[in-house]
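I have placed the structure first, in the form of structure tokens, so that the comments after it can refer back to it.
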Amino acid sequence: IPGKGGYFNVFEVNEDRSTGEDVTNSYAYHYTDNMLVFSHRWLRPDLDPLKSHPDAEDNRKLKAMKNVIAKQDEIWTEMSRFERPLYIWMDYLCVPQRDRANQKKAILSIPAYFRLSCKFCALADDAEAFQVYLSRGWCRLEVVSSRSPKPFNETWYVPAQQHVFYMKDQTSGELDWEHFKNPLDGGLTDKRDRKYIGRLMEFFANEMERFCDLEDHEVYYQTGEREFLKPEDIPKEVVEKLNQYV
């Protein structure tokens with residue numbers, strides 16, 4: 001659950017899946033650096049939630065997620081000890097899949113979820129599969145979401161290092177602005193999702209435009225760090241593209 005800028009609160013989950021006790025003080029680190037978001041294409045999609053599943057029968061996606069954690073020092077090369085991910089966010093695990101009403105609420109909360117993390121990793125078998133990933137509407141939305149401005153105390157920042165992990169050869173690559181594509185033009189299993197994606201795109205376009213107009217003292221940036229982008233690092237055509245997508 002989002003806390004003040006740059007932090008999040010940790011709650012237990014009760015047996016009935018309701019929110020339990022606040023246990024934030026039991027954990028040493030709960031910064032945006034400590035949350036890793038996994039983005040992926042569902043390998044067995046189906047409109048019937050009982051039949052739909054994100055992984056293959058050989059569990060290769062689960063194995064890849066474990067490998068990303070094991071290789072995190074190689075992927076996030078400038079990461080220090082306190083910046084290690086302690087939590088993960090993945091739609092299948094963190095968004096209700098069989099409760100349509102709460103699923104809609106969770107979908108519209110994607111901006112809040114992504115603001116909890118400055119580490120993003122897309123999963124694909126190989127470079128060819130990554131292009132298929134980039135053809136999907138929800139995958140495109142999550143790539144856009146990963147670069148949404150995030151708060152840190154009274155300032156804002158945009159993370160620079162976002163990655164794709166190739167499951168077959170266990171290598172990774174960095175995402176760039178060229179991977180920003182229109183989610184509304186991407187493929188969707190459920191066409192009703194266009195309405196929700198459109199509302200989210202309007203939010204992201206407004207947020208990026210606002211970030212680009214911030215004064216220096218309103219931007220969080222550490223000299224020499226590759227983790228952060230300044231407003232001048234955001235290409236003008238990116239903001240134009242986002243507004244066009246809306």
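In the structure tokens, chains take the letters A, B, ... in the order shown, each chain's residues start at 1, and ligands count up from 1 in the order shown.
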Return as a PyMOL selection string the full set of residues in range 11-229 of chain A whose backbone-based DSSP assignment is helix (DSSP H, G or I). chain A and resi 24-26+32-34+60-70+72-75+81-83+91-94+100-108+110-114+127-133+137-146+177-179+183-185+193-212+216-218
Each range 47-129 of chain A residue no farther than 12 Å from range 7-26 of chain A, nearest pair in Å, only C-alpha atoms, as JSON lines:
```
{"residue": "A:Leu86", "atom": "CA", "partner": "A:Val10", "partner_atom": "CA", "distance": 11.4}
{"residue": "A:Tyr87", "atom": "CA", "partner": "A:Val10", "partner_atom": "CA", "distance": 10.0}
{"residue": "A:Cys94", "atom": "CA", "partner": "A:Arg17", "partner_atom": "CA", "distance": 11.4}
{"residue": "A:Val95", "atom": "CA", "partner": "A:Arg17", "partner_atom": "CA", "distance": 12.0}
{"residue": "A:Pro96", "atom": "CA", "partner": "A:Arg17", "partner_atom": "CA", "distance": 10.4}
{"residue": "A:Ala112", "atom": "CA", "partner": "A:Phe8", "partner_atom": "CA", "distance": 10.4}
{"residue": "A:Tyr113", "atom": "CA", "partner": "A:Phe8", "partner_atom": "CA", "distance": 9.9}
{"residue": "A:Phe114", "atom": "CA", "partner": "A:Phe8", "partner_atom": "CA", "distance": 11.4}
{"residue": "A:Arg115", "atom": "CA", "partner": "A:Tyr7", "partner_atom": "CA", "distance": 9.4}
{"residue": "A:Leu116", "atom": "CA", "partner": "A:Phe8", "partner_atom": "CA", "distance": 6.5}
{"residue": "A:Ser117", "atom": "CA", "partner": "A:Tyr7", "partner_atom": "CA", "distance": 9.2}
{"residue": "A:Cys118", "atom": "CA", "partner": "A:Tyr7", "partner_atom": "CA", "distance": 11.2}
```
Please save N, CA, C and O atoms of the selected residues as an mmCIF file, in the first residue's frame.
```cif
data_model
loop_
_atom_site.group_PDB
_atom_site.id
_atom_site.type_symbol
_atom_site.label_atom_id
_atom_site.label_comp_id
_atom_site.auth_asym_id
_atom_site.auth_seq_id
_atom_site.Cartn_x
_atom_site.Cartn_y
_atom_site.Cartn_z
ATOM 1 N N LEU A 86 12.959 -6.676 -2.130
ATOM 2 C CA LEU A 86 12.480 -7.586 -1.103
ATOM 3 C C LEU A 86 11.052 -8.038 -1.395
ATOM 4 O O LEU A 86 10.557 -8.969 -0.764
ATOM 5 N N TYR A 87 10.409 -7.351 -2.328
ATOM 6 C CA TYR A 87 9.025 -7.644 -2.671
ATOM 7 C C TYR A 87 8.888 -7.654 -4.194
ATOM 8 O O TYR A 87 9.660 -7.012 -4.902
ATOM 9 N N CYS A 94 -1.073 -10.385 -7.757
ATOM 10 C CA CYS A 94 -1.458 -9.202 -6.979
ATOM 11 C C CYS A 94 -2.770 -8.552 -7.414
ATOM 12 O O CYS A 94 -3.246 -7.630 -6.746
ATOM 13 N N VAL A 95 -3.356 -8.999 -8.514
ATOM 14 C CA VAL A 95 -4.638 -8.466 -8.980
ATOM 15 C C VAL A 95 -5.676 -9.589 -8.910
ATOM 16 O O VAL A 95 -5.409 -10.690 -9.389
ATOM 17 N N PRO A 96 -6.861 -9.351 -8.312
ATOM 18 C CA PRO A 96 -7.898 -10.402 -8.267
ATOM 19 C C PRO A 96 -8.227 -10.885 -9.677
ATOM 20 O O PRO A 96 -8.507 -10.075 -10.566
ATOM 21 N N ALA A 112 -0.801 3.479 -8.974
ATOM 22 C CA ALA A 112 -0.348 3.420 -7.573
ATOM 23 C C ALA A 112 0.628 2.279 -7.370
ATOM 24 O O ALA A 112 1.661 2.422 -6.703
ATOM 25 N N TYR A 113 0.349 1.112 -7.971
ATOM 26 C CA TYR A 113 1.252 -0.026 -7.828
ATOM 27 C C TYR A 113 2.632 0.299 -8.396
ATOM 28 O O TYR A 113 3.658 0.010 -7.787
ATOM 29 N N PHE A 114 2.639 0.889 -9.587
ATOM 30 C CA PHE A 114 3.921 1.137 -10.254
ATOM 31 C C PHE A 114 4.700 2.264 -9.585
ATOM 32 O O PHE A 114 5.913 2.346 -9.735
ATOM 33 N N ARG A 115 4.002 3.116 -8.856
ATOM 34 C CA ARG A 115 4.707 4.157 -8.104
ATOM 35 C C ARG A 115 5.442 3.582 -6.896
ATOM 36 O O ARG A 115 6.256 4.257 -6.286
ATOM 37 N N LEU A 116 5.133 2.345 -6.549
ATOM 38 C CA LEU A 116 5.811 1.708 -5.430
ATOM 39 C C LEU A 116 7.142 1.097 -5.843
ATOM 40 O O LEU A 116 7.874 0.585 -4.990
ATOM 41 N N SER A 117 7.443 1.101 -7.124
ATOM 42 C CA SER A 117 8.654 0.419 -7.582
ATOM 43 C C SER A 117 9.396 1.227 -8.625
ATOM 44 O O SER A 117 8.793 1.806 -9.519
ATOM 45 N N CYS A 118 10.725 1.260 -8.509
ATOM 46 C CA CYS A 118 11.527 1.884 -9.564
ATOM 47 C C CYS A 118 12.310 0.813 -10.329
ATOM 48 O O CYS A 118 13.180 1.127 -11.129
#
```
Dump as JSON lines the rows for residues of range 112-194 of chain A within 9 Å of range 44-66 of chain A: closest atom pair and distance in Å with one decimal, only C-alpha atoms counted, ordered by chain and rising residue number.
```
{"residue": "A:Leu123", "atom": "CA", "partner": "A:Lys61", "partner_atom": "CA", "distance": 7.5}
{"residue": "A:Ala124", "atom": "CA", "partner": "A:Lys61", "partner_atom": "CA", "distance": 8.5}
{"residue": "A:Asp125", "atom": "CA", "partner": "A:Lys61", "partner_atom": "CA", "distance": 8.8}
{"residue": "A:Phe165", "atom": "CA", "partner": "A:Ala64", "partner_atom": "CA", "distance": 7.9}
{"residue": "A:Tyr166", "atom": "CA", "partner": "A:Ala64", "partner_atom": "CA", "distance": 8.3}
{"residue": "A:Met167", "atom": "CA", "partner": "A:Ala64", "partner_atom": "CA", "distance": 5.7}
{"residue": "A:Lys168", "atom": "CA", "partner": "A:Ala64", "partner_atom": "CA", "distance": 8.8}
{"residue": "A:Gln170", "atom": "CA", "partner": "A:Ala64", "partner_atom": "CA", "distance": 7.7}
{"residue": "A:Thr189", "atom": "CA", "partner": "A:Leu47", "partner_atom": "CA", "distance": 7.1}
{"residue": "A:Asp190", "atom": "CA", "partner": "A:Leu47", "partner_atom": "CA", "distance": 6.9}
```
Run DSSP on the backbone and give me the residues of range 7-94 of chain A it puts in strand (DSSP E or B), as a VMD selection string. chain A and resid 7 to 8 11 to 13 19 to 22 31 35 to 40 44 53 87 to 89
All residues 9 Å or closer to range 206-219 of chain A, only C-alpha atoms, same chain fewer than 3 positions away omitted, as a ChimeraX atom specification: /A:147-149,152,154-158,201-203,230-234,236,238-239,242-243
Could those residues be written to a file, using C-alpha atoms, as a PDB file, in the first residue's frame?
```
ATOM      1  CA  ARG A 147       8.454   5.205 -16.528  1.00  0.00           C
ATOM      2  CA  SER A 148       5.694   7.119 -14.778  1.00  0.00           C
ATOM      3  CA  PRO A 149       7.013   9.877 -12.441  1.00  0.00           C
ATOM      4  CA  PHE A 152      10.281  10.838  -3.137  1.00  0.00           C
ATOM      5  CA  GLU A 154       8.643  16.416  -1.732  1.00  0.00           C
ATOM      6  CA  THR A 155      10.379  15.660  -5.063  1.00  0.00           C
ATOM      7  CA  TRP A 156       9.750  13.524  -8.152  1.00  0.00           C
ATOM      8  CA  TYR A 157      11.869  11.236 -10.312  1.00  0.00           C
ATOM      9  CA  VAL A 158      11.654   8.939 -13.342  1.00  0.00           C
ATOM     10  CA  MET A 201      -3.175   6.522 -20.558  1.00  0.00           C
ATOM     11  CA  GLU A 202      -4.768   9.904 -19.892  1.00  0.00           C
ATOM     12  CA  PHE A 203      -3.316   9.804 -16.374  1.00  0.00           C
ATOM     13  CA  LYS A 230      15.782  14.646 -15.368  1.00  0.00           C
ATOM     14  CA  PRO A 231      12.945  16.437 -17.182  1.00  0.00           C
ATOM     15  CA  GLU A 232      15.375  17.386 -19.968  1.00  0.00           C
ATOM     16  CA  ASP A 233      16.146  13.674 -20.446  1.00  0.00           C
ATOM     17  CA  ILE A 234      12.544  12.994 -21.505  1.00  0.00           C
ATOM     18  CA  LYS A 236       9.617  15.852 -26.364  1.00  0.00           C
ATOM     19  CA  VAL A 238       7.560  10.928 -25.912  1.00  0.00           C
ATOM     20  CA  VAL A 239       5.147  13.421 -24.328  1.00  0.00           C
ATOM     21  CA  LEU A 242       1.443   9.909 -24.988  1.00  0.00           C
ATOM     22  CA  ASN A 243      -1.014  12.713 -25.756  1.00  0.00           C
TER      23      ASN A 243
END
```
Which residue is closest to Arg84 in chain A? Choose from A:Cys121, A:Leu141, A:Leu43, A:Ile69 and count only C-alpha atoms. A:Ile69
Residue neighbourhood Val37 in chain A, 6 Å, only C-alpha atoms, exclusion window fewer than 5 positions, as a list in words: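 After dropping sequence-adjacent residues, the list is Ile88, Trp89 and Phe120 of chain A.
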Coordinates-based distance that separates CA of Leu175 in chain A from CA of Asn153 in chain A (Å, one decimal):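 These two atoms are separated by 26.7 Å.
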